[in-house]
file run-v1.tsv (TSV, C-alpha atoms)
chain	number	residue	atom	x	y	z
A	1	MET	CA	-261.09	-49.66	68.55
A	2	LYS	CA	-263.68	-51.54	70.56
A	3	ILE	CA	-261.75	-52.89	73.54
A	4	LEU	CA	-262.77	-55.22	76.37
A	5	VAL	CA	-260.97	-54.37	79.61
A	6	THR	CA	-261.51	-56.76	82.50
A	7	GLY	CA	-260.88	-55.56	86.03
A	8	THR	CA	-262.04	-51.97	85.43
A	9	ALA	CA	-262.90	-51.47	89.12
A	10	GLY	CA	-259.31	-52.43	89.91
A	11	PHE	CA	-256.25	-50.21	90.17
A	12	ILE	CA	-254.68	-50.80	86.76
A	13	GLY	CA	-257.92	-51.57	84.90
A	14	PHE	CA	-259.56	-48.32	86.03
A	15	ASN	CA	-256.59	-46.23	84.91
A	16	LEU	CA	-256.32	-48.06	81.59
A	17	ALA	CA	-260.03	-47.73	80.82
A	18	LYS	CA	-259.89	-44.00	81.56
A	19	ARG	CA	-256.89	-43.54	79.27
A	20	LEU	CA	-258.47	-45.52	76.40
A	21	LEU	CA	-261.75	-43.62	76.70
A	22	GLU	CA	-259.92	-40.30	76.69
A	23	ARG	CA	-258.19	-41.18	73.43
A	24	GLY	CA	-261.50	-42.13	71.81
A	25	ASP	CA	-261.69	-45.92	72.05
A	26	GLU	CA	-264.92	-47.71	72.89
A	27	VAL	CA	-264.43	-49.55	76.17
A	28	PHE	CA	-266.49	-52.41	77.57
A	29	GLY	CA	-265.54	-52.98	81.20
A	30	ILE	CA	-265.99	-56.10	83.32
A	31	ASP	CA	-265.39	-56.54	87.04
A	32	CYS	CA	-266.86	-58.80	89.72
A	33	ILE	CA	-266.20	-56.16	92.44
A	34	ASN	CA	-265.12	-58.78	94.98
A	35	SER	CA	-264.32	-57.97	98.61
A	36	TYR	CA	-260.59	-58.83	98.55
A	37	TYR	CA	-260.13	-55.20	99.57
A	38	ASP	CA	-262.42	-52.22	100.29
A	39	VAL	CA	-265.21	-52.25	97.68
A	40	ASN	CA	-265.91	-48.57	98.33
A	41	LEU	CA	-262.59	-47.73	96.66
A	42	LYS	CA	-263.64	-49.84	93.67
A	43	TYR	CA	-267.00	-48.09	93.43
A	44	SER	CA	-265.23	-44.72	93.65
A	45	ARG	CA	-263.06	-45.64	90.67
A	46	LEU	CA	-266.10	-46.76	88.69
A	47	GLN	CA	-267.88	-43.53	89.54
A	48	ILE	CA	-265.07	-41.56	87.87
A	49	LEU	CA	-265.71	-43.70	84.79
A	50	GLY	CA	-269.38	-42.69	84.99
A	51	ILE	CA	-270.76	-45.89	86.46
A	52	GLU	CA	-273.09	-45.30	89.42
A	53	LYS	CA	-273.13	-47.89	92.21
A	54	ASN	CA	-276.92	-47.98	92.46
A	55	LYS	CA	-277.24	-48.87	88.78
A	56	ILE	CA	-274.95	-51.90	88.89
A	57	GLU	CA	-276.70	-55.27	88.68
A	58	TYR	CA	-274.99	-58.58	88.05
A	59	GLY	CA	-275.06	-59.49	84.36
A	60	ILE	CA	-276.81	-56.29	83.23
A	61	PRO	CA	-274.83	-53.85	81.02
A	62	CYS	CA	-274.66	-50.34	82.46
A	63	LYS	CA	-273.91	-47.22	80.39
A	64	SER	CA	-271.57	-44.51	81.64
A	65	ASN	CA	-272.98	-41.05	82.35
A	66	VAL	CA	-269.55	-39.49	81.72
A	67	TYR	CA	-268.14	-41.34	78.69
A	68	LEU	CA	-270.45	-42.03	75.74
A	69	LYS	CA	-268.30	-44.99	74.66
A	70	HIS	CA	-268.14	-46.79	78.00
A	71	THR	CA	-270.29	-49.76	79.04
A	72	PHE	CA	-269.75	-51.71	82.27
A	73	ILE	CA	-271.06	-55.07	83.39
A	74	LYS	CA	-270.58	-56.82	86.71
A	75	LEU	CA	-269.50	-60.40	85.99
A	76	ASN	CA	-267.26	-63.14	87.32
A	77	LEU	CA	-264.72	-64.33	84.75
A	78	GLU	CA	-265.50	-67.92	85.71
A	79	ASP	CA	-269.13	-67.42	84.65
A	80	ARG	CA	-268.52	-69.12	81.30
A	81	ASP	CA	-271.91	-68.65	79.66
A	82	SER	CA	-272.11	-64.94	80.50
A	83	ILE	CA	-268.53	-64.21	79.42
A	84	LEU	CA	-268.93	-66.01	76.09
A	85	LYS	CA	-272.24	-64.21	75.52
A	86	VAL	CA	-270.49	-60.84	75.95
A	87	PHE	CA	-267.83	-61.80	73.40
A	88	LYS	CA	-270.42	-63.01	70.92
A	89	GLU	CA	-272.59	-59.92	71.26
A	90	TYR	CA	-270.00	-57.15	71.20
A	91	LYS	CA	-267.26	-58.43	68.82
A	92	PHE	CA	-264.19	-56.75	70.31
A	93	ASP	CA	-261.14	-55.69	68.31
A	94	ALA	CA	-258.84	-56.16	71.29
A	95	VAL	CA	-259.02	-57.53	74.83
A	96	CYS	CA	-256.96	-56.55	77.87
A	97	ASN	CA	-257.45	-59.03	80.70
A	98	LEU	CA	-256.45	-57.37	83.98
A	99	ALA	CA	-259.03	-59.08	86.20
A	100	ALA	CA	-257.50	-61.63	88.54
A	101	GLN	CA	-257.31	-62.64	92.14
A	102	ALA	CA	-254.24	-60.71	93.24
A	103	GLY	CA	-251.89	-61.09	96.18
A	104	VAL	CA	-248.97	-63.40	96.88
A	105	ARG	CA	-249.66	-64.03	100.56
A	106	TYR	CA	-253.43	-64.36	100.15
A	107	SER	CA	-252.81	-67.25	97.73
A	108	ILE	CA	-251.21	-69.30	100.49
A	109	GLU	CA	-254.43	-69.22	102.53
A	110	ASN	CA	-257.02	-69.18	99.72
A	111	PRO	CA	-255.65	-71.34	96.89
A	112	TYR	CA	-258.95	-72.28	95.25
A	113	THR	CA	-259.81	-68.63	94.62
A	114	TYR	CA	-256.76	-68.34	92.35
A	115	ILE	CA	-257.62	-71.42	90.33
A	116	GLU	CA	-261.19	-70.24	89.80
A	117	SER	CA	-260.41	-66.63	88.88
A	118	ASN	CA	-256.96	-66.83	87.30
A	119	ILE	CA	-257.15	-70.20	85.54
A	120	VAL	CA	-260.84	-70.95	84.88
A	121	GLY	CA	-261.53	-67.26	84.28
A	122	PHE	CA	-258.64	-66.97	81.85
A	123	ILE	CA	-259.68	-69.98	79.76
A	124	ASN	CA	-263.06	-68.27	79.30
A	125	ILE	CA	-261.27	-65.14	78.05
A	126	LEU	CA	-259.17	-67.25	75.68
A	127	GLU	CA	-262.21	-69.10	74.34
A	128	GLY	CA	-264.17	-65.90	73.89
A	129	SER	CA	-261.24	-64.27	72.07
A	130	ARG	CA	-260.73	-67.29	69.84
A	131	HIS	CA	-264.33	-67.72	68.76
A	132	SER	CA	-264.98	-64.02	68.15
A	133	GLU	CA	-261.73	-63.53	66.22
A	134	VAL	CA	-260.22	-60.92	68.53
A	135	LYS	CA	-257.21	-59.31	66.83
A	136	HIS	CA	-255.09	-59.05	70.00
A	137	LEU	CA	-255.40	-60.41	73.52
A	138	VAL	CA	-253.24	-58.62	76.08
A	139	TYR	CA	-253.18	-60.00	79.62
A	140	ALA	CA	-251.57	-59.27	82.98
A	141	SER	CA	-248.83	-61.58	84.11
A	142	SER	CA	-246.56	-60.65	87.03
A	143	SER	CA	-242.95	-60.20	88.08
A	144	SER	CA	-243.69	-62.91	90.67
A	145	VAL	CA	-243.27	-65.55	87.94
A	146	TYR	CA	-239.49	-65.13	88.31
A	147	GLY	CA	-239.74	-66.97	91.64
A	148	LEU	CA	-236.39	-68.45	92.65
A	149	ASN	CA	-234.50	-66.81	89.77
A	150	GLU	CA	-231.45	-64.92	91.00
A	151	THR	CA	-229.95	-63.52	87.78
A	152	MET	CA	-230.65	-59.79	87.71
A	153	PRO	CA	-232.20	-57.95	86.01
A	154	PHE	CA	-235.08	-60.35	85.39
A	155	SER	CA	-235.50	-60.95	81.67
A	156	THR	CA	-238.36	-62.45	79.64
A	157	HIS	CA	-235.63	-64.46	77.89
A	158	HIS	CA	-234.96	-66.33	81.16
A	159	ASN	CA	-236.61	-69.60	82.13
A	160	VAL	CA	-239.27	-69.13	84.85
A	161	ASP	CA	-240.15	-72.63	86.00
A	162	HIS	CA	-239.73	-72.16	89.76
A	163	PRO	CA	-242.55	-69.99	91.17
A	164	ILE	CA	-242.85	-69.79	94.96
A	165	SER	CA	-246.52	-68.84	95.34
A	166	LEU	CA	-249.72	-70.15	93.80
A	167	TYR	CA	-250.41	-66.62	92.54
A	168	ALA	CA	-247.14	-66.73	90.58
A	169	ALA	CA	-247.92	-70.24	89.33
A	170	SER	CA	-251.34	-69.08	88.10
A	171	LYS	CA	-249.72	-66.23	86.16
A	172	LYS	CA	-247.12	-68.56	84.64
A	173	SER	CA	-250.03	-70.84	83.70
A	174	ASN	CA	-251.71	-67.93	81.90
A	175	GLU	CA	-248.58	-67.45	79.78
A	176	LEU	CA	-248.56	-71.15	78.84
A	177	MET	CA	-252.29	-71.17	78.08
A	178	ALA	CA	-251.95	-68.06	75.93
A	179	HIS	CA	-249.09	-69.58	73.95
A	180	THR	CA	-251.16	-72.67	73.26
A	181	TYR	CA	-254.00	-70.57	71.83
A	182	SER	CA	-251.58	-68.45	69.82
A	183	TYR	CA	-250.10	-71.60	68.32
A	184	LEU	CA	-253.29	-73.60	67.75
A	185	PHE	CA	-255.63	-70.81	66.67
A	186	ASN	CA	-253.30	-68.05	65.47
A	187	LEU	CA	-254.61	-65.76	68.22
A	188	PRO	CA	-252.12	-62.91	68.83
A	189	THR	CA	-251.43	-62.75	72.58
A	190	THR	CA	-249.09	-60.61	74.68
A	191	GLY	CA	-248.36	-61.17	78.37
A	192	LEU	CA	-247.22	-58.28	80.54
A	193	ARG	CA	-245.13	-58.91	83.63
A	194	PHE	CA	-245.82	-55.93	85.89
A	195	PHE	CA	-243.29	-54.89	88.54
A	196	THR	CA	-244.71	-53.51	91.84
A	197	VAL	CA	-247.25	-51.02	90.53
A	198	TYR	CA	-248.03	-48.01	92.72
A	199	GLY	CA	-249.65	-44.58	92.55
A	200	PRO	CA	-252.94	-42.73	93.21
A	201	TRP	CA	-256.01	-45.01	93.47
A	202	GLY	CA	-253.68	-47.90	94.35
A	203	ARG	CA	-254.49	-51.13	96.14
A	204	PRO	CA	-254.90	-51.01	99.96
A	205	ASP	CA	-252.98	-54.30	100.35
A	206	MET	CA	-249.80	-52.87	98.81
A	207	ALA	CA	-246.87	-51.52	100.84
A	208	LEU	CA	-247.24	-47.85	99.90
A	209	PHE	CA	-250.89	-47.79	100.96
A	210	LEU	CA	-250.30	-49.79	104.15
A	211	PHE	CA	-247.30	-47.70	105.18
A	212	THR	CA	-249.01	-44.37	104.52
A	213	LYS	CA	-252.12	-45.37	106.48
A	214	ALA	CA	-250.12	-46.68	109.44
A	215	ILE	CA	-247.78	-43.68	109.63
A	216	LEU	CA	-250.70	-41.25	109.61
A	217	GLU	CA	-252.40	-43.25	112.38
A	218	GLY	CA	-249.20	-43.42	114.46
A	219	LYS	CA	-249.09	-47.21	114.17
A	220	PRO	CA	-245.94	-49.28	113.49
A	221	ILE	CA	-245.22	-50.57	109.99
A	222	ASP	CA	-244.03	-54.13	109.30
A	223	VAL	CA	-240.67	-54.07	107.52
A	224	PHE	CA	-239.94	-57.54	106.19
A	225	ASN	CA	-236.55	-59.19	105.67
A	226	HIS	CA	-235.32	-56.63	108.23
A	227	GLY	CA	-235.47	-53.95	105.54
A	228	ASN	CA	-233.11	-55.79	103.18
A	229	MET	CA	-235.51	-55.66	100.24
A	230	LYS	CA	-235.35	-54.06	96.81
A	231	ARG	CA	-238.33	-53.48	94.57
A	232	ASP	CA	-238.66	-52.20	91.02
A	233	PHE	CA	-241.48	-49.79	91.88
A	234	THR	CA	-243.36	-48.78	88.71
A	235	TYR	CA	-245.67	-45.77	88.60
A	236	ILE	CA	-249.22	-46.38	87.36
A	237	ASP	CA	-249.05	-43.90	84.46
A	238	ASP	CA	-245.95	-45.68	83.14
A	239	ILE	CA	-247.73	-49.03	83.36
A	240	VAL	CA	-250.74	-47.68	81.45
A	241	GLU	CA	-248.56	-46.13	78.75
A	242	GLY	CA	-246.84	-49.49	78.27
A	243	ILE	CA	-250.16	-51.35	78.06
A	244	VAL	CA	-251.59	-48.94	75.48
A	245	ARG	CA	-248.51	-49.29	73.27
A	246	VAL	CA	-248.73	-53.07	73.54
A	247	ILE	CA	-252.46	-53.13	72.67
A	248	ASP	CA	-251.66	-51.17	69.50
A	249	SER	CA	-248.87	-53.59	68.51
A	250	PRO	CA	-250.08	-57.21	68.10
A	251	PRO	CA	-247.19	-59.68	67.94
A	252	ALA	CA	-246.24	-61.47	64.73
A	253	PRO	CA	-244.71	-64.94	64.57
A	254	ASN	CA	-240.93	-64.83	64.97
A	255	ALA	CA	-239.46	-66.54	61.90
A	256	LYS	CA	-236.06	-66.79	63.64
A	257	TRP	CA	-237.43	-68.59	66.69
A	258	SER	CA	-235.96	-72.07	67.09
A	259	GLY	CA	-237.23	-75.04	69.06
A	260	ALA	CA	-233.61	-76.20	69.36
A	261	THR	CA	-232.81	-73.14	71.49
A	262	PRO	CA	-236.26	-71.97	72.61
A	263	ASP	CA	-236.52	-68.34	73.75
A	264	PRO	CA	-239.38	-68.02	76.29
A	265	SER	CA	-240.12	-64.41	75.26
A	266	GLY	CA	-241.42	-65.26	71.78
A	267	SER	CA	-242.49	-68.05	69.48
A	268	LYS	CA	-243.12	-69.19	65.93
A	269	ALA	CA	-246.72	-68.36	66.95
A	270	PRO	CA	-247.99	-64.74	67.30
A	271	TYR	CA	-246.99	-64.57	70.97
A	272	ALA	CA	-244.94	-62.14	73.07
A	273	LEU	CA	-243.99	-61.36	76.64
A	274	TYR	CA	-242.81	-58.03	78.05
A	275	ASN	CA	-241.61	-56.78	81.41
A	276	ILE	CA	-243.04	-53.41	82.39
A	277	GLY	CA	-240.93	-52.04	85.22
A	278	ASN	CA	-238.96	-48.95	86.13
A	279	SER	CA	-235.73	-50.93	85.72
A	280	ASN	CA	-234.31	-49.12	88.75
A	281	PRO	CA	-234.71	-51.15	91.96
A	282	VAL	CA	-235.20	-49.09	95.12
A	283	LYS	CA	-234.15	-50.15	98.62
A	284	LEU	CA	-237.14	-50.64	100.89
A	285	MET	CA	-235.67	-48.32	103.53
A	286	ASP	CA	-235.25	-45.56	100.91
A	287	PHE	CA	-238.86	-46.13	99.84
A	288	ILE	CA	-240.04	-45.74	103.44
A	289	GLU	CA	-237.91	-42.61	103.86
A	290	ALA	CA	-239.58	-41.06	100.80
A	291	ILE	CA	-243.02	-41.72	102.31
A	292	GLU	CA	-241.90	-40.18	105.61
A	293	THR	CA	-240.64	-37.10	103.75
A	294	SER	CA	-243.91	-36.69	101.83
A	295	LEU	CA	-245.97	-37.06	105.02
A	296	GLY	CA	-243.65	-35.06	107.26
A	297	LYS	CA	-243.85	-37.90	109.80
A	298	THR	CA	-241.49	-40.64	110.98
A	299	ALA	CA	-242.53	-44.28	110.83
A	300	HIS	CA	-242.30	-46.64	113.80
A	301	LYS	CA	-240.71	-49.72	112.24
A	302	ASN	CA	-241.32	-53.34	113.20
A	303	PHE	CA	-238.51	-55.37	111.59
A	304	LEU	CA	-239.50	-58.92	110.63
A	305	PRO	CA	-238.11	-61.90	108.65
A	306	LEU	CA	-238.87	-62.46	104.95
A	307	GLN	CA	-242.46	-63.54	104.42
A	308	GLN	CA	-243.34	-66.92	102.93
A	309	GLY	CA	-243.80	-66.66	99.15
A	310	ASP	CA	-241.94	-63.34	98.94
A	311	VAL	CA	-238.62	-62.57	97.24
A	312	PRO	CA	-235.90	-60.19	98.48
A	313	ALA	CA	-235.46	-58.28	95.21
A	314	THR	CA	-237.01	-57.54	91.83
A	315	TRP	CA	-235.46	-55.75	88.87
A	316	ALA	CA	-236.93	-55.58	85.35
A	317	ASP	CA	-235.01	-55.84	82.11
A	318	VAL	CA	-237.13	-53.71	79.75
A	319	GLU	CA	-234.82	-53.79	76.73
A	320	ASP	CA	-237.45	-55.47	74.50
A	321	LEU	CA	-240.09	-52.91	75.50
A	322	THR	CA	-237.71	-50.13	74.51
A	323	LYS	CA	-236.52	-51.82	71.32
A	324	ASN	CA	-239.89	-52.97	69.99
A	325	LEU	CA	-242.25	-50.28	71.31
A	326	GLY	CA	-239.97	-47.31	71.89
A	327	TYR	CA	-240.92	-46.98	75.54
A	328	LYS	CA	-239.28	-47.16	78.96
A	329	PRO	CA	-240.94	-46.30	82.29
A	330	GLU	CA	-239.06	-43.46	83.95
A	331	THR	CA	-241.14	-41.82	86.72
A	332	ASP	CA	-238.90	-41.25	89.75
A	333	VAL	CA	-240.17	-43.06	92.84
A	334	LYS	CA	-240.04	-39.88	94.98
A	335	VAL	CA	-242.28	-38.09	92.48
A	336	GLY	CA	-244.67	-41.04	92.36
A	337	ILE	CA	-244.88	-41.27	96.16
A	338	GLU	CA	-245.60	-37.53	96.44
A	339	ARG	CA	-248.49	-37.91	93.99
A	340	PHE	CA	-249.86	-40.91	95.87
A	341	VAL	CA	-249.68	-39.17	99.26
A	342	LYS	CA	-251.41	-36.09	97.84
A	343	TRP	CA	-254.23	-38.29	96.49
A	344	TYR	CA	-254.46	-40.30	99.74
A	345	LEU	CA	-254.77	-37.21	101.92
A	346	GLU	CA	-257.47	-35.77	99.66
A	347	TYR	CA	-259.43	-39.01	99.20
A	348	TYR	CA	-259.47	-39.93	102.89
A	349	GLY	CA	-259.94	-36.36	104.11
A	350	HIS	CA	-256.71	-35.94	106.07
A	351	LYS	CA	-255.67	-32.36	106.81
call {"tool": "encode", "arguments": {"input": "run-v1.tsv", "output": "structure tokens"}}
result
Amino acid sequence: MKILVTGTAGFIGFNLAKRLLERGDEVFGIDCINSYYDVNLKYSRLQILGIEKNKIEYGIPCKSNVYLKHTFIKLNLEDRDSILKVFKEYKFDAVCNLAAQAGVRYSIENPYTYIESNIVGFINILEGSRHSEVKHLVYASSSSVYGLNETMPFSTHHNVDHPISLYAASKKSNELMAHTYSYLFNLPTTGLRFFTVYGPWGRPDMALFLFTKAILEGKPIDVFNHGNMKRDFTYIDDIVEGIVRVIDSPPAPNAKWSGATPDPSGSKAPYALYNIGNSNPVKLMDFIEAIETSLGKTAHKNFLPLQQGDVPATWADVEDLTKNLGYKPETDVKVGIERFVKWYLEYYGHK
């Protein structure tokens, strides 16, 4: 297939693009390479995909020197004319929109960034997909949409109308926008609610990265909610496997769906939602202990209250993923942390 992947300089987008290219798909990558975190890490990811930093110019397609079927272009999603031009010119079979302004806490201080990237940018992806007759649009949502929900495990069949960060609200908005386009224009769309993704090449603003860096430098780590946190940590390879299976399985309208008892996870339109999580929440203190074991060092812990916009626990119900796509993430968190630490030590030159 010819597949557009947005966010290919990002953690998940890079890994997905690499996987699709290795199985023989033609991949067109887009990323704005913003400075939300270290751009050198983003350029390093792109280099593995065969895209050289000195050849990247805004709006100019760049061919990979590693993968014959990979083209990259630096673009902002909110650049409507350029995005629509790409759709018109390349005629994609499928689209996977992973580009977004990420971060729960950052959204509290920089709200407009989320509206521009996650809302305006997404409408451009929807319009491009609609007018070029894309066969399946897959897009990143987030476990943060569950907000104030307390029923565990979190299920796509649950109502999610109480987000507690603008980031979460922007992702919930994407789900609503996608449903509208599925209903009005018969555009097959699938939203993926990711649960705390981690692994090699991960984001520097995530706990695993922050903790590893601080422990190696002998600095204290901030442990929020006094350590009383649980997260459904999901290894990057499991996330990518789930995305690939979803891309290959466009949703069909659900003939049994009823507006009298509306199920949020589906529709009479070609629309679906899936959780992708390990479905095995890990205590934060156990997570930290696994990092300490992998590093052979003990962390100095700074215990703090729960952060604004954060939730004390996440836990994914992945029954639909298993039932419909025959897949369930299963990488043990200790194994995943060991792989991350090995990569971190090699990438940053620690002995």
call {"tool": "residues_around", "arguments": {"input": "run-v1.tsv", "residues": "region 213-221 of chain A", "least_positions_apart": "6", "cutoff": "8 Å", "atoms": "all atoms listed in the file", "output": "ChimeraX atom specification"}}
result
/A:292,295,297-302
call {"tool": "write_last_selection", "arguments": {"input": "run-v1.tsv", "atoms": "C-alpha atoms", "output": "mmCIF file, in the coordinates of the input"}}
result
data_model
loop_
_atom_site.group_PDB
_atom_site.id
_atom_site.type_symbol
_atom_site.label_atom_id
_atom_site.label_comp_id
_atom_site.auth_asym_id
_atom_site.auth_seq_id
_atom_site.Cartn_x
_atom_site.Cartn_y
_atom_site.Cartn_z
ATOM 1 C CA GLU A 292 -241.900 -40.180 105.610
ATOM 2 C CA LEU A 295 -245.970 -37.060 105.020
ATOM 3 C CA LYS A 297 -243.850 -37.900 109.800
ATOM 4 C CA THR A 298 -241.490 -40.640 110.980
ATOM 5 C CA ALA A 299 -242.530 -44.280 110.830
ATOM 6 C CA HIS A 300 -242.300 -46.640 113.800
ATOM 7 C CA LYS A 301 -240.710 -49.720 112.240
ATOM 8 C CA ASN A 302 -241.320 -53.340 113.200
#
call {"tool": "residues_around", "arguments": {"input": "run-v1.tsv", "residues": "Leu321 (chain A)", "least_positions_apart": "3", "cutoff": "9 Å", "atoms": "only C-alpha atoms", "output": "CSV table (one decimal) with C-alpha atoms, in the frame of the given file"}}
result
chain,number,residue,atom,x,y,z
A,242,GLY,CA,-246.8,-49.5,78.3
A,246,VAL,CA,-248.7,-53.1,73.5
A,274,TYR,CA,-242.8,-58.0,78.0
A,275,ASN,CA,-241.6,-56.8,81.4
A,276,ILE,CA,-243.0,-53.4,82.4
A,317,ASP,CA,-235.0,-55.8,82.1
A,318,VAL,CA,-237.1,-53.7,79.8
A,324,ASN,CA,-239.9,-53.0,70.0
A,325,LEU,CA,-242.2,-50.3,71.3
A,326,GLY,CA,-240.0,-47.3,71.9
A,327,TYR,CA,-240.9,-47.0,75.5
A,328,LYS,CA,-239.3,-47.2,79.0
call {"tool": "atom_distance", "arguments": {"input": "run-v1.tsv", "atom1": "CA of Val66 (chain A)", "atom2": "CA of Tyr347 (chain A)"}}
result
20.2 Å
call {"tool": "closest_atom_pairs", "arguments": {"input": "run-v1.tsv", "of": "region 280-330 of chain A", "to": "region 100-116 of chain A", "cutoff": "10 Å", "atoms": "only C-alpha atoms", "output": "CSV"}}
result
residue,atom,partner,partner_atom,distance
A:Gln307,CA,A:Arg105,CA,8.2
A:Gln308,CA,A:Arg105,CA,7.3
A:Gly309,CA,A:Val104,CA,6.5
A:Asp310,CA,A:Val104,CA,7.3
call {"tool": "atom_distance", "arguments": {"input": "run-v1.tsv", "atom1": "CA of Trp315 (chain A)", "atom2": "CA of Trp257 (chain A)"}}
result
25.7 Å
call {"tool": "atom_distance", "arguments": {"input": "run-v1.tsv", "atom1": "CA of Arg45 (chain A)", "atom2": "CA of Gly13 (chain A)"}}
result
9.7 Å
